[in-house]
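Each remark here refers to the structure printed beneath this line.
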Amino acid sequence: MDFREELIKSMQTMIDNKLSCHNSDRTYKSVIKRIDKKGYVIIDRTGSERTVKCCISGIEFRVGQSVWVKEPMGKLNDIHICGVV
């Protein structure tokens, strides 16, 4: 194997490892599955159900409605609805 190819592969491995540990805000679409007394039940990006609050005041959602969900800094406990699709 050529040393240049080996160097490029090792650099790509280092970059991939660094990016996998990087936390940032993630915003993605989800659907409201049901409404609880604690909040809205949505499907998060891992496919799990989560009960979340809405940060938009004075708005009511219905089951089946598409929403934008924000996951700040990769913290699953802080997920909240931040918009309507």
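Scheme for the structure tokens: letters A, B, ... for chains in order shown; per-chain residue numbers from 1; ligand numbers from 1 in order shown.
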
Next on the checklist: Which of chain A end up as helix (DSSP H, G or I) when DSSP is run on this backbone - answer as a PyMOL selection string?
Outcome noted: chain A and resi 3-20+72-74+76-78

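Once Arg45 (chain A) and its same-chain neighbours fewer than 5 positions away are set aside, Arg26, Thr27, Tyr28, Lys29, Ser30, Val69, Glu71 and Leu76 of chain A remain within 10 Å of it when counting only C-alpha atoms.
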
Any chance you can output those residues with N, CA and C atoms as a tab-separated table (two decimals), in the first residue's frame?
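Produced file again.tsv, reproduced below:
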```tsv
chain	number	residue	atom	x	y	z
A	26	ARG	N	-29.16	19.67	17.64
A	26	ARG	CA	-29.73	18.92	16.52
A	26	ARG	C	-31.21	19.28	16.43
A	27	THR	N	-31.65	19.64	15.25
A	27	THR	CA	-33.05	19.93	15.02
A	27	THR	C	-33.53	18.99	13.93
A	28	TYR	N	-34.65	18.33	14.17
A	28	TYR	CA	-35.16	17.37	13.21
A	28	TYR	C	-36.68	17.30	13.31
A	29	LYS	N	-37.29	16.71	12.28
A	29	LYS	CA	-38.74	16.56	12.25
A	29	LYS	C	-39.16	15.35	13.07
A	30	SER	N	-40.32	15.47	13.68
A	30	SER	CA	-40.91	14.37	14.41
A	30	SER	C	-42.43	14.48	14.31
A	69	VAL	N	-38.27	19.41	16.33
A	69	VAL	CA	-37.81	19.10	17.68
A	69	VAL	C	-36.34	19.47	17.78
A	71	GLU	N	-32.80	19.20	20.01
A	71	GLU	CA	-32.04	18.45	21.01
A	71	GLU	C	-30.77	19.25	21.30
A	76	LEU	N	-30.46	14.40	25.58
A	76	LEU	CA	-31.80	13.86	25.34
A	76	LEU	C	-32.82	14.31	26.38
```

Item to check | Atomic distance CA of Trp68 (chain A) - CA of Asn17 (chain A), expressed in Å with one decimal | outcome: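 Rounded to one decimal, the two atoms are 28.5 Å apart.
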
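Atom pair CA of Ser10 (chain A) / CA of Gly74 (chain A): separated by 26.8 Å.
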
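Taking CA of Asn23 (chain A) and CA of Asp78 (chain A) as endpoints, the distance between them is 13.4 Å.
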
Checklist entry - Any idea what's packed within 12 Å of Thr51 (chain A), counting only C-alpha atoms, ignoring anything in its chain fewer than 5 positions away? Could you give it as a list in words? => result Val31, Ile32, Lys33, Arg34, Ile35, Asp36, Lys37, Lys38, Gly39, Tyr40, Val41, Ile42, Ile43, Asp44, Val69, Leu76, Asn77, Asp78, Ile79, His80 and Ile81 of chain A

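Within 12 Å of Cys21 (chain A), once only C-alpha atoms are used and residues closer than 6 positions along the same chain are dropped, the contacting residues are Met14, Ile15, Met73 and Gly74 of chain A.
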
Serialized selection, C-alpha atoms, as a compact mmCIF listing (two decimals), in the first residue's frame:
```txt
# COMPACT_ATOMS: atom_id res chain seq x y z
CA MET A 14 -8.79 10.68 13.41
CA ILE A 15 -11.37 13.06 11.95
CA MET A 73 -26.00 19.85 22.70
CA GLY A 74 -27.01 16.20 22.30
```

From chain A, collect each residue whose DSSP state is strand (DSSP E or B) and return the set as a JSON list (two decimals) with all heavy atoms, in the first residue's frame.
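New file states.json:
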```json
[["chain", "number", "residue", "atom", "x", "y", "z"],
["A", 26, "ARG", "N", -29.16, 19.67, 17.64],
["A", 26, "ARG", "CA", -29.73, 18.92, 16.52],
["A", 26, "ARG", "C", -31.21, 19.28, 16.43],
["A", 26, "ARG", "O", -31.92, 19.23, 17.42],
["A", 26, "ARG", "CB", -29.58, 17.43, 16.74],
["A", 26, "ARG", "CG", -28.16, 16.96, 16.66],
["A", 26, "ARG", "CD", -28.11, 15.44, 16.77],
["A", 26, "ARG", "NE", -26.76, 14.97, 16.60],
["A", 26, "ARG", "CZ", -25.93, 14.71, 17.59],
["A", 26, "ARG", "NH1", -26.33, 14.86, 18.83],
["A", 26, "ARG", "NH2", -24.71, 14.29, 17.36],
["A", 27, "THR", "N", -31.65, 19.64, 15.25],
["A", 27, "THR", "CA", -33.05, 19.93, 15.02],
["A", 27, "THR", "C", -33.53, 18.99, 13.93],
["A", 27, "THR", "O", -32.89, 18.86, 12.89],
["A", 27, "THR", "CB", -33.25, 21.40, 14.59],
["A", 27, "THR", "OG1", -32.70, 22.24, 15.59],
["A", 27, "THR", "CG2", -34.72, 21.71, 14.42],
["A", 28, "TYR", "N", -34.65, 18.33, 14.17],
["A", 28, "TYR", "CA", -35.16, 17.37, 13.21],
["A", 28, "TYR", "C", -36.68, 17.30, 13.31],
["A", 28, "TYR", "O", -37.28, 17.77, 14.27],
["A", 28, "TYR", "CB", -34.54, 15.98, 13.42],
["A", 28, "TYR", "CG", -34.58, 15.48, 14.84],
["A", 28, "TYR", "CD1", -35.64, 14.72, 15.31],
["A", 28, "TYR", "CD2", -33.54, 15.75, 15.72],
["A", 28, "TYR", "CE1", -35.68, 14.26, 16.60],
["A", 28, "TYR", "CE2", -33.57, 15.30, 17.02],
["A", 28, "TYR", "CZ", -34.63, 14.54, 17.45],
["A", 28, "TYR", "OH", -34.66, 14.09, 18.74],
["A", 29, "LYS", "N", -37.29, 16.71, 12.28],
["A", 29, "LYS", "CA", -38.74, 16.56, 12.25],
["A", 29, "LYS", "C", -39.16, 15.35, 13.07],
["A", 29, "LYS", "O", -38.47, 14.35, 13.11],
["A", 29, "LYS", "CB", -39.24, 16.36, 10.82],
["A", 29, "LYS", "CG", -39.13, 17.57, 9.96],
["A", 29, "LYS", "CD", -39.70, 17.24, 8.58],
["A", 29, "LYS", "CE", -39.47, 18.39, 7.63],
["A", 29, "LYS", "NZ", -40.00, 18.07, 6.28],
["A", 30, "SER", "N", -40.32, 15.47, 13.68],
["A", 30, "SER", "CA", -40.91, 14.37, 14.41],
["A", 30, "SER", "C", -42.43, 14.48, 14.31],
["A", 30, "SER", "O", -42.94, 15.45, 13.76],
["A", 30, "SER", "CB", -40.48, 14.38, 15.87],
["A", 30, "SER", "OG", -40.94, 13.23, 16.53],
["A", 31, "VAL", "N", -43.11, 13.49, 14.83],
["A", 31, "VAL", "CA", -44.57, 13.46, 14.80],
["A", 31, "VAL", "C", -45.07, 13.25, 16.23],
["A", 31, "VAL", "O", -44.50, 12.47, 16.99],
["A", 31, "VAL", "CB", -45.07, 12.32, 13.89],
["A", 31, "VAL", "CG1", -46.57, 12.21, 13.94],
["A", 31, "VAL", "CG2", -44.60, 12.53, 12.47],
["A", 32, "ILE", "N", -46.14, 13.94, 16.56],
["A", 32, "ILE", "CA", -46.75, 13.76, 17.89],
["A", 32, "ILE", "C", -47.57, 12.48, 17.87],
["A", 32, "ILE", "O", -48.50, 12.34, 17.08],
["A", 32, "ILE", "CB", -47.61, 14.98, 18.25],
["A", 32, "ILE", "CG1", -46.70, 16.18, 18.35],
["A", 32, "ILE", "CG2", -48.38, 14.72, 19.53],
["A", 32, "ILE", "CD1", -47.35, 17.45, 18.73],
["A", 33, "LYS", "N", -47.20, 11.54, 18.73],
["A", 33, "LYS", "CA", -47.90, 10.25, 18.79],
["A", 33, "LYS", "C", -49.13, 10.32, 19.69],
["A", 33, "LYS", "O", -50.15, 9.75, 19.39],
["A", 33, "LYS", "CB", -46.96, 9.16, 19.29],
["A", 33, "LYS", "CG", -45.91, 8.80, 18.26],
["A", 33, "LYS", "CD", -45.27, 7.48, 18.56],
["A", 33, "LYS", "CE", -46.28, 6.39, 18.43],
["A", 33, "LYS", "NZ", -45.78, 5.07, 18.41],
["A", 34, "ARG", "N", -48.97, 11.00, 20.82],
["A", 34, "ARG", "CA", -50.11, 11.17, 21.74],
["A", 34, "ARG", "C", -49.81, 12.33, 22.66],
["A", 34, "ARG", "O", -48.69, 12.84, 22.71],
["A", 34, "ARG", "CB", -50.40, 9.88, 22.51],
["A", 34, "ARG", "CG", -49.36, 9.45, 23.48],
["A", 34, "ARG", "CD", -49.77, 8.15, 24.19],
["A", 34, "ARG", "NE", -48.80, 7.81, 25.19],
["A", 34, "ARG", "CZ", -47.70, 7.13, 24.96],
["A", 34, "ARG", "NH1", -47.42, 6.69, 23.75],
["A", 34, "ARG", "NH2", -46.86, 6.86, 25.93],
["A", 35, "ILE", "N", -50.83, 12.72, 23.41],
["A", 35, "ILE", "CA", -50.69, 13.85, 24.32],
["A", 35, "ILE", "C", -50.94, 13.34, 25.74],
["A", 35, "ILE", "O", -51.98, 12.73, 26.02],
["A", 35, "ILE", "CB", -51.68, 14.98, 23.97],
["A", 35, "ILE", "CG1", -51.40, 15.45, 22.55],
["A", 35, "ILE", "CG2", -51.55, 16.13, 24.96],
["A", 35, "ILE", "CD1", -52.44, 16.39, 22.00],
["A", 40, "TYR", "N", -46.12, 16.34, 25.34],
["A", 40, "TYR", "CA", -46.37, 15.67, 24.06],
["A", 40, "TYR", "C", -45.42, 14.49, 23.91],
["A", 40, "TYR", "O", -44.23, 14.61, 24.19],
["A", 40, "TYR", "CB", -46.17, 16.64, 22.91],
["A", 40, "TYR", "CG", -47.08, 17.84, 22.96],
["A", 40, "TYR", "CD1", -46.67, 19.05, 23.47],
["A", 40, "TYR", "CD2", -48.39, 17.73, 22.50],
["A", 40, "TYR", "CE1", -47.51, 20.13, 23.52],
["A", 40, "TYR", "CE2", -49.24, 18.82, 22.55],
["A", 40, "TYR", "CZ", -48.80, 20.02, 23.06],
["A", 40, "TYR", "OH", -49.65, 21.09, 23.11],
["A", 41, "VAL", "N", -45.93, 13.36, 23.44],
["A", 41, "VAL", "CA", -45.10, 12.18, 23.22],
["A", 41, "VAL", "C", -44.71, 12.17, 21.75],
["A", 41, "VAL", "O", -45.57, 12.16, 20.87],
["A", 41, "VAL", "CB", -45.84, 10.89, 23.61],
["A", 41, "VAL", "CG1", -44.97, 9.68, 23.33],
["A", 41, "VAL", "CG2", -46.25, 10.93, 25.07],
["A", 42, "ILE", "N", -43.39, 12.20, 21.50],
["A", 42, "ILE", "CA", -42.87, 12.20, 20.14],
["A", 42, "ILE", "C", -41.89, 11.04, 19.97],
["A", 42, "ILE", "O", -41.53, 10.38, 20.94],
["A", 42, "ILE", "CB", -42.15, 13.54, 19.83],
["A", 42, "ILE", "CG1", -41.03, 13.83, 20.86],
["A", 42, "ILE", "CG2", -43.11, 14.69, 19.83],
["A", 42, "ILE", "CD1", -39.70, 13.94, 20.26],
["A", 43, "ILE", "N", -41.46, 10.83, 18.76],
["A", 43, "ILE", "CA", -40.41, 9.85, 18.47],
["A", 43, "ILE", "C", -39.11, 10.63, 18.29],
["A", 43, "ILE", "O", -39.02, 11.51, 17.44],
["A", 43, "ILE", "CB", -40.72, 9.06, 17.18],
["A", 43, "ILE", "CG1", -42.07, 8.39, 17.27],
["A", 43, "ILE", "CG2", -39.61, 8.07, 16.88],
["A", 43, "ILE", "CD1", -42.14, 7.26, 18.24],
["A", 49, "GLU", "N", -39.69, 6.69, 22.14],
["A", 49, "GLU", "CA", -40.72, 7.67, 22.50],
["A", 49, "GLU", "C", -40.21, 8.53, 23.64],
["A", 49, "GLU", "O", -39.60, 8.05, 24.58],
["A", 49, "GLU", "CB", -42.00, 6.95, 22.93],
["A", 49, "GLU", "CG", -42.74, 6.30, 21.81],
["A", 49, "GLU", "CD", -44.09, 5.76, 22.25],
["A", 49, "GLU", "OE1", -44.44, 5.87, 23.44],
["A", 49, "GLU", "OE2", -44.80, 5.23, 21.39],
["A", 50, "ARG", "N", -40.47, 9.82, 23.54],
["A", 50, "ARG", "CA", -40.08, 10.78, 24.57],
["A", 50, "ARG", "C", -41.23, 11.72, 24.85],
["A", 50, "ARG", "O", -41.93, 12.15, 23.94],
["A", 50, "ARG", "CB", -38.89, 11.61, 24.13],
["A", 50, "ARG", "CG", -37.67, 10.80, 23.88],
["A", 50, "ARG", "CD", -36.55, 11.32, 24.71],
["A", 50, "ARG", "NE", -35.40, 10.47, 24.49],
["A", 50, "ARG", "CZ", -34.74, 9.87, 25.45],
["A", 50, "ARG", "NH1", -35.10, 10.04, 26.69],
["A", 50, "ARG", "NH2", -33.72, 9.11, 25.19],
["A", 51, "THR", "N", -41.42, 12.06, 26.10],
["A", 51, "THR", "CA", -42.40, 13.07, 26.48],
["A", 51, "THR", "C", -41.66, 14.39, 26.57],
["A", 51, "THR", "O", -40.69, 14.52, 27.32],
["A", 51, "THR", "CB", -43.05, 12.72, 27.82],
["A", 51, "THR", "OG1", -43.65, 11.43, 27.72],
["A", 51, "THR", "CG2", -44.11, 13.73, 28.19],
["A", 52, "VAL", "N", -42.12, 15.38, 25.79],
["A", 52, "VAL", "CA", -41.42, 16.66, 25.71],
["A", 52, "VAL", "C", -42.39, 17.80, 25.91],
["A", 52, "VAL", "O", -43.61, 17.64, 25.79],
["A", 52, "VAL", "CB", -40.71, 16.82, 24.34],
["A", 52, "VAL", "CG1", -39.67, 15.75, 24.15],
["A", 52, "VAL", "CG2", -41.70, 16.81, 23.20],
["A", 53, "LYS", "N", -41.85, 18.96, 26.22],
["A", 53, "LYS", "CA", -42.62, 20.19, 26.35],
["A", 53, "LYS", "C", -42.46, 21.00, 25.07],
["A", 53, "LYS", "O", -41.58, 20.74, 24.25],
["A", 53, "LYS", "CB", -42.11, 21.03, 27.53],
["A", 53, "LYS", "CG", -42.20, 20.34, 28.86],
["A", 53, "LYS", "CD", -43.60, 20.31, 29.33],
["A", 53, "LYS", "CE", -43.66, 19.71, 30.74],
["A", 53, "LYS", "NZ", -44.98, 19.63, 31.25],
["A", 54, "CYS", "N", -43.30, 22.00, 24.93],
["A", 54, "CYS", "CA", -43.23, 22.90, 23.79],
["A", 54, "CYS", "C", -42.74, 24.27, 24.28],
["A", 54, "CYS", "O", -43.20, 24.77, 25.30],
["A", 54, "CYS", "CB", -44.60, 23.04, 23.13],
["A", 54, "CYS", "SG", -44.61, 24.17, 21.74],
["A", 66, "SER", "N", -46.95, 17.08, 12.49],
["A", 66, "SER", "CA", -45.49, 17.12, 12.36],
["A", 66, "SER", "C", -44.95, 18.37, 13.03],
["A", 66, "SER", "O", -45.50, 19.46, 12.88],
["A", 66, "SER", "CB", -45.10, 17.12, 10.89],
["A", 66, "SER", "OG", -45.45, 15.92, 10.27],
["A", 67, "VAL", "N", -43.86, 18.20, 13.76],
["A", 67, "VAL", "CA", -43.24, 19.30, 14.49],
["A", 67, "VAL", "C", -41.73, 19.26, 14.32],
["A", 67, "VAL", "O", -41.16, 18.22, 13.97],
["A", 67, "VAL", "CB", -43.58, 19.25, 16.00],
["A", 67, "VAL", "CG1", -45.04, 19.50, 16.25],
["A", 67, "VAL", "CG2", -43.17, 17.92, 16.61],
["A", 68, "TRP", "N", -41.09, 20.40, 14.56],
["A", 68, "TRP", "CA", -39.64, 20.46, 14.65],
["A", 68, "TRP", "C", -39.26, 20.26, 16.10],
["A", 68, "TRP", "O", -39.84, 20.87, 17.00],
["A", 68, "TRP", "CB", -39.12, 21.81, 14.17],
["A", 68, "TRP", "CG", -39.20, 22.00, 12.69],
["A", 68, "TRP", "CD1", -40.08, 22.77, 12.02],
["A", 68, "TRP", "CD2", -38.37, 21.40, 11.71],
["A", 68, "TRP", "NE1", -39.85, 22.69, 10.68],
["A", 68, "TRP", "CE2", -38.80, 21.86, 10.45],
["A", 68, "TRP", "CE3", -37.29, 20.52, 11.75],
["A", 68, "TRP", "CZ2", -38.20, 21.46, 9.26],
["A", 68, "TRP", "CZ3", -36.70, 20.13, 10.57],
["A", 68, "TRP", "CH2", -37.14, 20.60, 9.34],
["A", 69, "VAL", "N", -38.27, 19.41, 16.33],
["A", 69, "VAL", "CA", -37.81, 19.10, 17.68],
["A", 69, "VAL", "C", -36.34, 19.47, 17.78],
["A", 69, "VAL", "O", -35.55, 19.18, 16.87],
["A", 69, "VAL", "CB", -37.99, 17.59, 17.97],
["A", 69, "VAL", "CG1", -37.46, 17.24, 19.33],
["A", 69, "VAL", "CG2", -39.44, 17.20, 17.84],
["A", 70, "LYS", "N", -35.98, 20.14, 18.87],
["A", 70, "LYS", "CA", -34.57, 20.52, 19.08],
["A", 70, "LYS", "C", -34.00, 19.72, 20.24],
["A", 70, "LYS", "O", -34.61, 19.58, 21.28],
["A", 70, "LYS", "CB", -34.44, 22.00, 19.38],
["A", 70, "LYS", "CG", -32.97, 22.42, 19.54],
["A", 70, "LYS", "CD", -32.84, 23.90, 19.72],
["A", 70, "LYS", "CE", -32.86, 24.50, 18.34],
["A", 70, "LYS", "NZ", -32.53, 25.92, 18.34],
["A", 71, "GLU", "N", -32.80, 19.20, 20.01],
["A", 71, "GLU", "CA", -32.04, 18.45, 21.01],
["A", 71, "GLU", "C", -30.77, 19.25, 21.30],
["A", 71, "GLU", "O", -29.80, 19.17, 20.57],
["A", 71, "GLU", "CB", -31.70, 17.08, 20.42],
["A", 71, "GLU", "CG", -31.03, 16.13, 21.32],
["A", 71, "GLU", "CD", -30.74, 14.84, 20.58],
["A", 71, "GLU", "OE1", -31.64, 14.26, 19.97],
["A", 71, "GLU", "OE2", -29.57, 14.44, 20.61],
["A", 80, "HIS", "N", -37.08, 19.51, 23.21],
["A", 80, "HIS", "CA", -38.32, 20.29, 23.26],
["A", 80, "HIS", "C", -38.79, 20.58, 21.83],
["A", 80, "HIS", "O", -38.03, 20.53, 20.88],
["A", 80, "HIS", "CB", -38.11, 21.59, 24.04],
["A", 80, "HIS", "CG", -37.07, 22.48, 23.44],
["A", 80, "HIS", "ND1", -35.74, 22.31, 23.71],
["A", 80, "HIS", "CD2", -37.17, 23.54, 22.60],
["A", 80, "HIS", "CE1", -35.06, 23.23, 23.05],
["A", 80, "HIS", "NE2", -35.89, 23.99, 22.36],
["A", 81, "ILE", "N", -40.08, 20.87, 21.71],
["A", 81, "ILE", "CA", -40.66, 21.23, 20.42],
["A", 81, "ILE", "C", -40.36, 22.70, 20.19],
["A", 81, "ILE", "O", -40.62, 23.55, 21.04],
["A", 81, "ILE", "CB", -42.18, 20.98, 20.42],
["A", 81, "ILE", "CG1", -42.44, 19.48, 20.57],
["A", 81, "ILE", "CG2", -42.80, 21.51, 19.14],
["A", 81, "ILE", "CD1", -43.90, 19.13, 20.76],
["A", 82, "CYS", "N", -39.81, 23.00, 19.01],
["A", 82, "CYS", "CA", -39.42, 24.39, 18.75],
["A", 82, "CYS", "C", -40.10, 24.98, 17.51],
["A", 82, "CYS", "O", -39.87, 26.14, 17.19],
["A", 82, "CYS", "CB", -37.91, 24.50, 18.60],
["A", 82, "CYS", "SG", -37.25, 23.55, 17.22],
["A", 83, "GLY", "N", -40.93, 24.19, 16.84],
["A", 83, "GLY", "CA", -41.61, 24.74, 15.66],
["A", 83, "GLY", "C", -42.60, 23.79, 15.07],
["A", 83, "GLY", "O", -42.70, 22.61, 15.46],
["A", 84, "VAL", "N", -43.38, 24.30, 14.11],
["A", 84, "VAL", "CA", -44.40, 23.52, 13.42],
["A", 84, "VAL", "C", -43.94, 23.30, 11.99],
["A", 84, "VAL", "O", -43.47, 24.24, 11.34],
["A", 84, "VAL", "CB", -45.75, 24.25, 13.44],
["A", 84, "VAL", "CG1", -46.81, 23.43, 12.73],
["A", 84, "VAL", "CG2", -46.16, 24.56, 14.86]]
```
